[in-house]
Each structure stands twice: as structure tokens, then as C-alpha cells.
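Next comes run24.cif, with mmCIF, C-alpha atoms.
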data_model
#
loop_
_atom_site.label_atom_id
_atom_site.label_comp_id
_atom_site.auth_asym_id
_atom_site.auth_seq_id
_atom_site.Cartn_x
_atom_site.Cartn_y
_atom_site.Cartn_z
CA MET A 1 -4.17 0.71 5.71
CA GLN A 2 -1.43 0.09 8.24
CA ILE A 3 -1.41 0.99 11.90
CA ASN A 4 1.98 1.53 13.50
CA THR A 5 1.70 1.03 17.22
CA ASN A 6 5.25 2.29 17.79
CA SER A 7 4.58 5.61 16.11
CA ASP A 8 4.40 8.81 18.13
CA LYS A 9 1.16 9.50 16.27
CA PRO A 10 -1.88 8.37 18.31
CA ILE A 11 -3.73 5.39 16.88
CA PHE A 12 -7.05 7.22 16.50
CA LEU A 13 -5.28 9.79 14.32
CA GLN A 14 -3.71 7.02 12.25
CA ILE A 15 -7.19 5.54 11.72
CA ALA A 16 -8.59 8.90 10.62
CA GLU A 17 -5.67 9.68 8.30
CA GLY A 18 -5.58 6.14 6.94
CA MET A 19 -9.25 6.40 6.01
CA GLU A 20 -8.62 9.82 4.44
CA ASP A 21 -5.89 8.26 2.29
CA ALA A 22 -8.19 5.39 1.33
CA ILE A 23 -10.98 7.79 0.36
CA LEU A 24 -8.55 9.98 -1.64
CA SER A 25 -7.16 6.96 -3.48
CA GLY A 26 -10.67 5.80 -4.31
CA ALA A 27 -10.52 2.62 -2.23
CA PHE A 28 -13.75 3.86 -0.62
CA ALA A 29 -15.82 5.74 -3.19
CA GLU A 30 -18.31 8.43 -2.22
CA GLU A 31 -21.57 6.93 -0.91
CA SER A 32 -19.87 3.59 -0.31
CA GLN A 33 -19.78 1.95 3.09
CA ILE A 34 -16.67 2.06 5.28
CA PRO A 35 -15.76 -0.65 7.82
CA SER A 36 -17.67 -0.70 11.12
CA ILE A 37 -16.13 0.19 14.47
CA THR A 38 -16.14 -3.52 15.32
CA GLU A 39 -14.25 -4.32 12.12
CA PHE A 40 -11.61 -1.64 12.82
CA SER A 41 -11.33 -2.81 16.40
CA VAL A 42 -10.98 -6.52 15.57
CA ASN A 43 -8.69 -6.05 12.57
CA TYR A 44 -6.21 -3.75 14.25
CA LYS A 45 -6.72 -5.23 17.71
CA ILE A 46 -7.51 -1.86 19.25
CA ASN A 47 -10.12 -0.80 21.79
CA PRO A 48 -13.39 0.13 20.02
CA ALA A 49 -13.30 3.52 21.78
CA THR A 50 -10.03 4.28 19.95
CA ALA A 51 -11.52 3.35 16.57
CA LEU A 52 -14.63 5.40 17.34
CA LYS A 53 -12.52 8.44 18.21
CA GLY A 54 -10.78 8.21 14.82
CA ILE A 55 -13.98 7.79 12.84
CA ASN A 56 -15.67 10.59 14.81
CA MET A 57 -12.99 12.93 13.52
CA LEU A 58 -14.14 12.11 9.99
CA THR A 59 -17.81 12.52 10.96
CA ASP A 60 -17.11 15.91 12.52
CA ALA A 61 -15.23 16.99 9.40
CA GLY A 62 -18.18 16.00 7.20
CA ILE A 63 -16.22 13.24 5.43
CA VAL A 64 -18.37 10.32 6.49
CA TYR A 65 -21.90 10.06 7.86
CA LYS A 66 -24.03 7.53 9.63
CA LYS A 67 -27.01 5.83 8.04
CA ARG A 68 -29.11 4.59 10.91
CA GLY A 69 -29.08 0.84 11.21
CA LEU A 70 -26.82 0.45 8.19
CA GLY A 71 -23.41 1.84 9.11
CA MET A 72 -21.00 4.56 8.09
CA PHE A 73 -20.80 5.89 4.52
CA VAL A 74 -18.52 8.28 2.62
CA LYS A 75 -20.26 11.59 1.99
CA THR A 76 -20.71 13.00 -1.49
CA GLY A 77 -18.10 15.73 -1.95
CA ALA A 78 -15.73 14.12 0.58
CA VAL A 79 -12.90 13.76 -1.96
CA GLU A 80 -12.99 17.46 -2.88
CA LYS A 81 -13.12 18.39 0.79
CA LEU A 82 -10.13 16.21 1.60
CA LYS A 83 -8.12 17.54 -1.34
CA ASP A 84 -8.74 21.09 -0.16
CA LYS A 85 -7.71 20.22 3.36
CA ARG A 86 -4.59 18.36 2.26
CA LYS A 87 -3.57 21.14 -0.15
CA HIS A 88 -3.89 23.54 2.70
CA SER A 89 -1.42 21.56 4.79
CA PHE A 90 0.80 20.58 1.85
CA TYR A 91 3.18 23.48 2.37
CA GLN A 92 3.49 22.80 6.08
CA ASN A 93 3.77 19.03 5.77
CA PHE A 94 6.10 18.75 2.79
CA ILE A 95 7.61 22.01 1.58
CA GLU A 96 8.84 23.29 4.94
CA GLY A 97 10.55 19.96 5.70
CA LEU A 98 12.00 19.78 2.20
CA ILE A 99 13.54 23.24 2.49
CA ALA A 100 14.89 22.56 5.97
CA GLU A 101 16.59 19.34 4.84
CA ALA A 102 17.86 21.00 1.64
CA LYS A 103 19.49 23.74 3.71
CA ARG A 104 21.15 21.15 5.98
CA LEU A 105 22.54 19.41 2.90
CA GLN A 106 23.32 22.70 1.13
CA ILE A 107 21.15 21.85 -1.86
CA SER A 108 20.39 24.98 -3.86
CA LYS A 109 16.97 26.27 -4.88
CA ALA A 110 17.83 25.56 -8.55
CA GLU A 111 18.82 21.99 -7.73
CA ILE A 112 15.51 21.35 -5.95
CA GLN A 113 13.62 22.81 -8.86
CA ALA A 114 15.50 20.53 -11.24
CA MET A 115 14.70 17.52 -9.04
CA ILE A 116 11.00 18.42 -9.02
CA GLU A 117 11.01 18.80 -12.80
CA GLY A 118 12.72 15.44 -13.16
CA GLY A 119 10.39 13.77 -10.68
CA PHE A 120 7.29 14.99 -12.49
CA ASP A 121 8.53 13.68 -15.85
CA LYS A 122 9.19 10.18 -14.51
CA MET B 123 -22.60 -0.52 38.12
CA SER B 124 -19.11 -1.42 39.21
CA ILE B 125 -16.83 -3.64 41.20
CA GLU B 126 -15.71 -1.67 44.21
CA VAL B 127 -12.72 -2.87 46.17
CA LYS B 128 -12.25 -1.06 49.48
CA SER B 129 -9.24 -1.20 51.78
CA ILE B 130 -8.41 -4.84 51.10
CA THR B 131 -5.51 -6.29 53.07
CA LYS B 132 -4.33 -9.86 52.59
CA TYR B 133 -1.55 -11.74 54.35
CA TYR B 134 -0.01 -15.11 53.53
CA GLY B 135 1.60 -15.94 56.87
CA LYS B 136 3.77 -12.93 57.56
CA THR B 137 3.92 -11.82 53.93
CA CYS B 138 1.63 -8.95 53.06
CA ALA B 139 0.24 -9.65 49.56
CA LEU B 140 -2.21 -6.75 49.41
CA ASN B 141 -1.83 -3.65 51.51
CA ASP B 142 -4.93 -1.49 51.93
CA VAL B 143 -5.96 -1.81 48.28
CA SER B 144 -8.86 0.29 47.01
CA VAL B 145 -9.83 0.34 43.35
CA THR B 146 -13.00 0.60 41.28
CA PHE B 147 -13.73 -1.22 38.03
CA ASP B 148 -16.52 0.55 36.15
CA ASP B 149 -18.88 -1.18 33.78
CA ASN B 150 -18.29 -1.73 30.09
CA LYS B 151 -14.59 -1.05 30.09
CA ILE B 152 -11.57 -3.22 29.32
CA TYR B 153 -9.03 -2.95 32.14
CA GLY B 154 -5.42 -4.01 32.11
CA LEU B 155 -4.33 -5.15 35.57
CA LEU B 156 -0.57 -4.98 35.41
CA GLY B 157 2.07 -5.86 37.94
CA ARG B 158 5.34 -7.72 38.29
CA ASN B 159 5.60 -11.31 39.48
CA GLY B 160 4.25 -11.52 43.02
CA ALA B 161 2.81 -8.00 42.97
CA GLY B 162 -0.62 -9.25 44.09
CA LYS B 163 -2.63 -9.41 40.84
CA THR B 164 -3.88 -12.96 41.30
CA SER B 165 -4.59 -12.37 45.00
CA LEU B 166 -6.71 -9.35 44.12
CA LEU B 167 -8.66 -11.21 41.43
CA SER B 168 -9.13 -14.21 43.74
CA ILE B 169 -10.52 -12.00 46.49
CA ILE B 170 -12.90 -10.26 44.09
CA SER B 171 -14.17 -13.65 42.89
CA ASN B 172 -14.50 -14.92 46.46
CA ARG B 173 -11.98 -17.76 46.05
CA ILE B 174 -9.81 -16.54 48.89
CA PHE B 175 -10.65 -14.19 51.72
CA ALA B 176 -9.04 -10.97 52.84
CA GLU B 177 -8.16 -10.10 56.42
CA ASN B 178 -9.62 -6.65 56.00
CA GLY B 179 -11.70 -4.66 53.57
CA THR B 180 -14.71 -5.26 51.37
CA VAL B 181 -15.61 -6.03 47.79
CA ALA B 182 -18.96 -4.88 46.39
CA ILE B 183 -20.32 -5.98 43.02
CA ASP B 184 -23.02 -3.64 41.72
CA GLY B 185 -23.50 -2.48 45.29
CA MET B 186 -23.88 -5.99 46.74
CA PRO B 187 -21.26 -7.35 49.15
CA ALA B 188 -19.36 -10.09 47.29
CA GLN B 189 -18.42 -12.32 50.19
CA GLU B 190 -20.50 -15.52 50.33
CA ASN B 191 -23.14 -13.89 48.14
CA ASP B 192 -24.23 -15.98 45.13
CA ALA B 193 -26.22 -13.16 43.56
CA ALA B 194 -23.15 -10.92 43.52
CA ILE B 195 -20.65 -13.59 42.53
CA GLY B 196 -22.95 -14.83 39.75
CA ARG B 197 -22.44 -11.49 38.03
CA LEU B 198 -18.81 -12.29 37.34
CA TYR B 199 -16.77 -15.08 35.87
CA ALA B 200 -13.13 -15.52 36.79
CA MET B 201 -10.73 -17.47 34.62
CA GLY B 202 -7.36 -18.24 36.16
CA GLU B 203 -4.48 -20.62 36.11
CA LYS B 204 -6.22 -23.21 38.28
CA THR B 205 -8.70 -25.56 36.67
CA TYR B 206 -11.86 -26.05 38.68
CA TYR B 207 -13.50 -28.70 36.51
CA PRO B 208 -13.55 -32.45 37.23
CA GLU B 209 -10.57 -33.83 35.34
CA SER B 210 -12.34 -36.82 33.80
CA MET B 211 -15.21 -34.76 32.42
CA ARG B 212 -15.48 -34.31 28.67
CA ILE B 213 -15.50 -30.79 27.21
CA LYS B 214 -19.03 -31.09 25.87
CA ASP B 215 -20.26 -32.13 29.34
CA VAL B 216 -18.46 -29.19 30.96
CA PHE B 217 -20.40 -26.95 28.57
CA LYS B 218 -23.69 -28.57 29.68
CA TRP B 219 -22.86 -28.21 33.37
CA THR B 220 -21.68 -24.62 33.01
CA LYS B 221 -25.11 -23.75 31.67
CA LEU B 222 -26.60 -24.83 35.02
CA PHE B 223 -24.38 -22.44 36.97
CA TYR B 224 -24.40 -19.62 34.43
CA PRO B 225 -27.86 -19.49 32.78
CA GLN B 226 -26.60 -16.99 30.17
CA PHE B 227 -23.94 -19.46 28.96
CA ASP B 228 -24.22 -19.70 25.15
CA GLU B 229 -23.51 -23.33 24.25
CA THR B 230 -23.85 -22.78 20.51
CA TYR B 231 -21.29 -19.97 20.64
CA ALA B 232 -18.96 -22.08 22.81
CA LYS B 233 -19.10 -24.90 20.26
CA SER B 234 -18.37 -22.53 17.39
CA LEU B 235 -15.36 -21.20 19.33
CA ALA B 236 -14.15 -24.75 19.98
CA ASP B 237 -14.35 -25.31 16.26
CA GLN B 238 -12.37 -22.14 15.49
CA PHE B 239 -9.64 -23.06 17.97
CA GLY B 240 -9.63 -26.72 16.94
CA LEU B 241 -10.63 -28.00 20.39
CA LYS B 242 -12.29 -31.42 20.22
CA LEU B 243 -15.45 -31.63 22.32
CA ASN B 244 -15.02 -35.31 23.15
CA LYS B 245 -11.67 -34.76 24.87
CA LYS B 246 -11.43 -35.05 28.62
CA VAL B 247 -10.22 -32.08 30.62
CA LYS B 248 -7.21 -34.02 31.96
CA SER B 249 -6.03 -34.97 28.45
CA LEU B 250 -5.60 -31.35 27.32
CA SER B 251 -2.15 -29.85 26.74
CA THR B 252 -1.24 -26.54 28.48
CA GLY B 253 -2.29 -24.55 25.43
CA PHE B 254 -5.58 -26.36 24.90
CA LEU B 255 -6.39 -26.18 28.61
CA THR B 256 -6.11 -22.38 28.30
CA ILE B 257 -8.18 -22.44 25.12
CA PHE B 258 -10.85 -24.51 26.85
CA LYS B 259 -11.01 -22.10 29.80
CA LEU B 260 -11.09 -19.09 27.45
CA ILE B 261 -13.99 -20.57 25.51
CA VAL B 262 -16.00 -20.97 28.71
CA ALA B 263 -15.05 -17.43 29.78
CA LEU B 264 -16.11 -15.94 26.44
CA SER B 265 -19.41 -17.82 26.47
CA VAL B 266 -20.74 -17.26 30.02
CA ASN B 267 -22.02 -13.75 29.26
CA THR B 268 -21.62 -12.33 32.76
CA PRO B 269 -21.37 -8.53 33.12
CA TYR B 270 -17.87 -8.90 34.58
CA LEU B 271 -15.13 -11.09 33.21
CA LEU B 272 -11.84 -11.54 35.10
CA LEU B 273 -9.03 -13.02 33.04
CA ASP B 274 -5.84 -13.93 34.88
CA GLU B 275 -3.06 -14.61 32.37
CA PRO B 276 -5.58 -15.49 29.62
CA VAL B 277 -3.01 -16.42 26.98
CA LEU B 278 -0.78 -18.71 29.05
CA GLY B 279 0.76 -21.30 26.72
CA LEU B 280 -1.04 -20.08 23.59
CA ASP B 281 0.81 -19.85 20.28
CA ALA B 282 0.86 -16.55 18.36
CA ASN B 283 -2.04 -17.57 16.11
CA ASN B 284 -4.29 -18.53 19.00
CA ARG B 285 -3.41 -15.39 20.95
CA ASP B 286 -4.35 -13.37 17.91
CA LEU B 287 -7.62 -15.27 17.54
CA PHE B 288 -8.45 -14.75 21.22
CA TYR B 289 -7.86 -10.97 21.10
CA ARG B 290 -10.02 -10.71 17.99
CA LEU B 291 -12.84 -12.74 19.51
CA LEU B 292 -12.73 -10.72 22.71
CA LEU B 293 -12.87 -7.41 20.83
CA GLU B 294 -15.64 -8.62 18.53
CA LYS B 295 -17.75 -9.69 21.48
CA TYR B 296 -16.98 -6.54 23.47
CA SER B 297 -17.56 -4.19 20.55
CA ASN B 298 -20.94 -5.72 19.72
CA ASN B 299 -22.11 -5.89 23.31
CA PRO B 300 -19.88 -4.17 25.89
CA PHE B 301 -19.14 -5.71 29.27
CA THR B 302 -16.37 -5.28 31.85
CA VAL B 303 -13.15 -7.16 31.30
CA ILE B 304 -10.18 -7.19 33.66
CA ILE B 305 -7.13 -8.68 31.98
CA SER B 306 -4.11 -9.47 34.08
CA THR B 307 -1.12 -10.24 31.90
CA HIS B 308 2.64 -9.96 31.53
CA LEU B 309 2.38 -9.54 27.77
CA ILE B 310 1.82 -5.80 28.00
CA GLU B 311 2.61 -4.99 24.38
CA GLU B 312 -0.10 -7.35 23.17
CA VAL B 313 -2.88 -5.78 25.24
CA ALA B 314 -1.61 -2.18 25.23
CA ASN B 315 -4.07 -1.05 22.55
CA LEU B 316 -6.92 -3.28 23.68
CA ILE B 317 -7.36 -1.81 27.10
CA GLU B 318 -9.04 1.44 27.99
CA ASP B 319 -7.87 1.80 31.59
CA VAL B 320 -4.69 0.70 33.33
CA VAL B 321 -4.41 -0.46 36.92
CA ILE B 322 -0.84 -0.99 38.07
CA ILE B 323 -0.12 -2.86 41.26
CA LYS B 324 3.29 -2.84 42.89
CA GLU B 325 4.23 -4.78 46.00
CA GLY B 326 0.62 -5.11 47.09
CA ARG B 327 -0.35 -1.48 46.51
CA ILE B 328 -2.17 0.19 43.61
CA ILE B 329 0.22 2.79 42.23
CA CYS B 330 -1.82 3.83 39.20
CA SER B 331 -5.43 3.56 38.09
CA GLN B 332 -6.41 5.69 35.13
CA ALA B 333 -7.18 5.84 31.41
CA ARG B 334 -4.35 4.43 29.34
CA GLU B 335 -4.43 7.40 26.98
CA LYS B 336 -4.17 9.86 29.87
CA LEU B 337 -1.30 7.94 31.46
CA LEU B 338 0.61 7.83 28.18
CA SER B 339 -0.01 11.49 27.37
CA ASP B 340 1.28 12.47 30.82
CA SER B 341 4.66 10.87 30.25
CA TYR B 342 7.47 11.09 27.74
CA SER B 343 11.12 10.35 27.22
CA VAL B 344 13.93 12.72 26.47
CA SER B 345 17.27 11.65 25.08
CA GLY B 346 20.56 13.23 24.15
CA LYS B 347 23.98 13.95 25.62
CA ILE B 348 24.15 13.08 29.33
CA VAL B 349 24.90 16.66 30.48
CA ASP B 350 22.07 18.12 28.38
CA VAL B 351 19.57 15.54 29.64
CA ASP B 352 20.65 16.15 33.24
CA VAL B 353 20.14 19.90 32.86
CA TYR B 354 16.73 19.33 31.30
CA THR B 355 15.50 16.85 33.91
CA ALA B 356 16.48 18.96 36.93
CA GLY B 357 13.35 19.67 38.95
CA LYS B 358 11.14 17.37 36.87
CA GLU B 359 9.41 14.17 37.99
CA LEU B 360 11.98 11.63 36.84
CA LEU B 361 10.91 7.97 36.62
CA GLY B 362 14.18 6.45 35.49
CA CYS B 363 17.06 6.60 33.04
CA GLU B 364 18.97 4.46 30.59
CA VAL B 365 22.56 5.31 29.74
CA MET B 366 24.46 4.12 26.68
CA ALA B 367 27.99 5.48 26.20
CA GLY B 368 27.62 9.28 26.41
CA PHE B 369 23.96 9.10 25.52
CA LYS B 370 21.12 9.16 28.03
CA THR B 371 17.38 8.56 27.87
CA ALA B 372 15.27 9.81 30.76
CA TYR B 373 11.64 8.91 31.41
CA ILE B 374 9.60 11.74 32.85
CA MET B 375 6.05 12.28 34.12
CA GLY B 376 4.38 15.48 32.97
CA GLN B 377 4.25 17.52 29.78
CA ALA B 378 7.33 17.98 27.60
CA ASP B 379 9.03 21.36 27.86
CA TYR B 380 9.95 21.92 24.21
CA ASP B 381 11.30 25.43 24.82
CA ASN B 382 14.17 24.07 26.88
CA ALA B 383 14.85 20.95 24.83
CA ASP B 384 17.34 22.22 22.26
CA GLY B 385 19.43 19.34 20.93
CA LEU B 386 17.30 16.80 22.79
CA GLU B 387 14.92 14.30 21.30
CA ILE B 388 11.50 14.09 22.92
CA ALA B 389 9.40 11.01 22.28
CA LYS B 390 6.31 9.20 23.44
CA VAL B 391 6.75 6.29 25.85
CA ASP B 392 4.89 3.06 25.23
CA LEU B 393 2.96 1.29 27.97
CA GLN B 394 5.51 -1.49 28.48
CA LYS B 395 8.44 0.93 28.89
CA LEU B 396 6.40 3.08 31.23
CA PHE B 397 5.39 0.03 33.24
CA ILE B 398 9.03 -1.01 33.64
CA GLN B 399 9.98 2.47 34.84
CA LEU B 400 7.05 2.64 37.25
CA THR B 401 7.60 -0.77 38.78
CA ASN B 402 11.39 -0.97 38.94
CA ILE B 403 12.57 -1.41 42.51
#
Please express the file's structure as C-alpha cells.
Amino acid sequence: MQINTNSDKPIFLQIAEGMEDAILSGAFAEESQIPSITEFSVNYKINPATALKGINMLTDAGIVYKKRGLGMFVKTGAVEKLKDKRKHSFYQNFIEGLIAEAKRLQISKAEIQAMIEGGFDK
Amino acid sequence: MSIEVKSITKYYGKTCALNDVSVTFDDNKIYGLLGRNGAGKTSLLSIISNRIFAENGTVAIDGMPAQENDAAIGRLYAMGEKTYYPESMRIKDVFKWTKLFYPQFDETYAKSLADQFGLKLNKKVKSLSTGFLTIFKLIVALSVNTPYLLLDEPVLGLDANNRDLFYRLLLEKYSNNPFTVIISTHLIEEVANLIEDVVIIKEGRIICSQAREKLLSDSYSVSGKIVDVDVYTAGKELLGCEVMAGFKTAYIMGQADYDNADGLEIAKVDLQKLFIQLTNI
């Protein structure tokens, strides 16, 4: 998980999305413990309030939960939930940009389709 | 619980170092006290810690007047460029003596920090290099456990590894058990994400005191062709500009107006850039 301090994306959002990626990739399995606020803060040299804000986003979305006295854990069903959420934004995040750039470069619909076919077979 | 600075004015001869400065430092926050050379940062911290005296104004620590008041001053520890320890004293003895003045001083923790930084306890204060003198002072500062910690240029002379270690130790300590930290530094990029609130001092006056996130979200840059940028910036609160060939970047306070920004690039401004724009003469 990398934090880019020069990005226009706020750091708390990068923490939340970075953890989402890590949960989706299986780096943090369901019911496994995620790093503490102190660990996030120390590792990325960010104010604990920033790390907390990022992790709270995941708590609010039902992705992680707190076990009192133990720490934060990935909720059962979190992976499915994240997949649903990401699929929902897939069109917005990837397809719209792809079409816009294709139009700028005058790449045809058929050419994009061929590229996708080729990419899948790799 | 707070440090409250009210209407402080300080002169050095005819030079006004602080001009009617009022600012509050709340508890359990990390503050960045930023200002250019000679802006008055060290004077302010020295007045708060009762090392120098102001002509006018008051400082209250947790409601108690700070001047000549051991109970109030004992609630803070100020680390600065000057070294206030006897030069021929050994580090381990400084640790012992510090415990007498600051009962909450954690000697075991201080020794473990010395070990992590590679500071030898048998060394005398006067034999330390610039970097190790800073390390020694930082170790004391991190171990005194006062509710308020004032750090004036805390990484002076430290190499990249030791700066990194210091920031990590500070955050670890703060995250586990919050206290108030005021960091005055010129290395803005390094502390930009550590601090919660920003206090900017310019020519002896406080020009900004607010949450870093709020400050950054209330400012942005816009760049593009000079004419386009000029049209866009008309009537907006302009902080400053940079021009390169026919290309201009303007720094603006407020919220970006995307509807009128065709052909322009709008971006976030980082703390260091914003600081430069705010404190340019």
C-alpha cells in the first residue's frame, strides 16, 4: 500500500482505498486483523486523526469492525460488498475515461473491442 | 486545557519581533508553527516557556498565568536551539537530573531511545556533534511526558534516517497517548502530514491559525494560458502567480469555480507552496 502525498486525492481517502484494494486482493482476509491507527500513522508518517478518518470510512461502510480491546478486523462478507461497490463504479471510473480518450485518439469501437479481446486472452 | 497567548508584544531594541500576537493551542493536537526566518517563531515559543519576557500581553497555561509560575511552566517542556545543560555533564547524569525537575520523566524510555539513535550514555554534552546534540535534546523532550511539548527546529542537523526515526517515535507516542505538540520548522514538507493545525506567523503577526485540512481545502491553483488565467482570476482572492513562457499558474483562496475553468487546469496546493504564497513579501 502506497501513499502519495503529492496526489490531489486526500490521504484519508488513499488509506481507505488502499485498504479496500488489500482486502480485495486477499492481503487481509475476512476476520483477519488490519493494522492499528498507530501503525498507519507511524508507517506513513501521518497524523493519527487522518488515519482514523480513512479507517472510519471502512467502518461506516461495514467493511471492517472493531473488537473491543483487540483492534480492527475485516468483516465477513466484506469482499463481496467491495466487489459490488467497485462494479458499480467501474463504468464511471474506467469505461467513461476509456471512451473519452478513444474519441480523442479516434480509436473506433471495433478497435477497442479487439483490444479488450486481446487483453483478456493474454 | 490550552495554552492561551493574548496580545503579546515583544521588542528587541527598536525592532518589533511580535506585534499584538494572540493565539490558542488546544490540548492533544499537533501544531505546525510556520514562519520565515526572523518571523518571530522562536520569540513566541521563548515567551510561552518563560525564557524571555514580553513588553505586553499574557500567556496562560491551563488557565494559570505562565510568568514566573513553576506550576504552569512545569506543564510544558521546550526544546530549542540553545542547550541549557552543564557542558561537562554526561548524558546518563542529565537523565538523572531531568527526573528531579520533571517527575514524569521516563528514564527507561529515554535509554531505549538513546539506544535506537545510537547515542552513547557516557558521552559528555560538550563532546556531542550538532546532530547528536539535537538527538540528545529530542530524547529528553520525548521522555519528559509533559502535557505540552514545544519543539523549535527539532530536526536541526539530523540526517534523513534520524529525521525519519524521530517523526515515527513522535507519532507512536502521540498516537498511543495524545498530548500537545508545537513544532516550529522550516522543513514544511516533512511535517505537512503530521500536523493537525497550522499557525503561520509573518513579520511578528499571526496571519493564519486553523486546521491544515481546512486551509488546504480552501485554496487551489489554476494554470493555463496567461489570458485565460487572468480572466478566471478576476475578482477572486489571488495569493500569487508563477509565469513560465506563455503559461501561468495562479494560487487562489476559496473554492474552485469549475464552470468557468474551460481549458484551465485546477489542482490542489500543498502546504509548502501555500506557505510560500502566504508569506512572500
Evaluated on this file, the PyMOL selection byres ((chain B) within 9 of (chain A)) picks out some residues - which ones are they, written as a VMD selection string?
chain B and resid 152 286 289 to 298 312 to 318 389 to 392
Residues matched by the PyMOL selection byres ((chain B and resi 361-372) around 12), written as a ChimeraX atom specification
/B:341-356,358-360,373-376,378,386-391,395-403
Write out as a short mmCIF file (atom, residue, chain, number, x, y, z; two decimals) with C-alpha atoms, keeping the file's coordinate frame which residues come within 8 Å of region 81-91 of chain A when counting only C-alpha atoms, dropping same-chain ones fewer than 6 positions away.
data_model
loop_
_atom_site.label_atom_id
_atom_site.label_comp_id
_atom_site.auth_asym_id
_atom_site.auth_seq_id
_atom_site.Cartn_x
_atom_site.Cartn_y
_atom_site.Cartn_z
CA GLU A 20 -8.62 9.82 4.44
CA LEU A 24 -8.55 9.98 -1.64
CA ILE A 63 -16.22 13.24 5.43
#
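CA of Gly54 (chain A) sits 16.2 Å away from CA of Ala78 (chain A).
With all atoms listed in the file as the atoms that count, the residue of B:Gly157, B:Gly240, B:Gly185, B:Pro269 with the shortest distance to Val321 (chain B) is B:Gly157.
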Taking the file as I've supplied it (selection: the PyMOL selection byres ((chain B and resi 278) around 8)), which residues are included? Please answer as a ChimeraX atom specification.
/B:252-253,256,275-277,279-280
File dump, residues just selected, C-alpha atoms, as a tab-separated table (two decimals), in the frame of the given file:
chain	number	residue	atom	x	y	z
B	252	THR	CA	-1.24	-26.54	28.48
B	253	GLY	CA	-2.29	-24.55	25.43
B	256	THR	CA	-6.11	-22.38	28.30
B	275	GLU	CA	-3.06	-14.61	32.37
B	276	PRO	CA	-5.58	-15.49	29.62
B	277	VAL	CA	-3.01	-16.42	26.98
B	279	GLY	CA	0.76	-21.30	26.72
B	280	LEU	CA	-1.04	-20.08	23.59
Can you pull out every residue within 12 Å of Thr59 (chain A), counting only C-alpha atoms, but drop anything in the same chain fewer than 2 positions away, and send it as a list in words?
Ala16, Met19, Glu20, Ile34, Leu52, Lys53, Gly54, Ile55, Asn56, Met57, Ala61, Gly62, Ile63, Val64, Tyr65, Lys66, Lys67, Met72, Phe73, Val74, Lys75 and Ala78 of chain A
Correct to one decimal, the distance CA of Val266 (chain B)-CA of Ile310 (chain B) is 25.4 Å
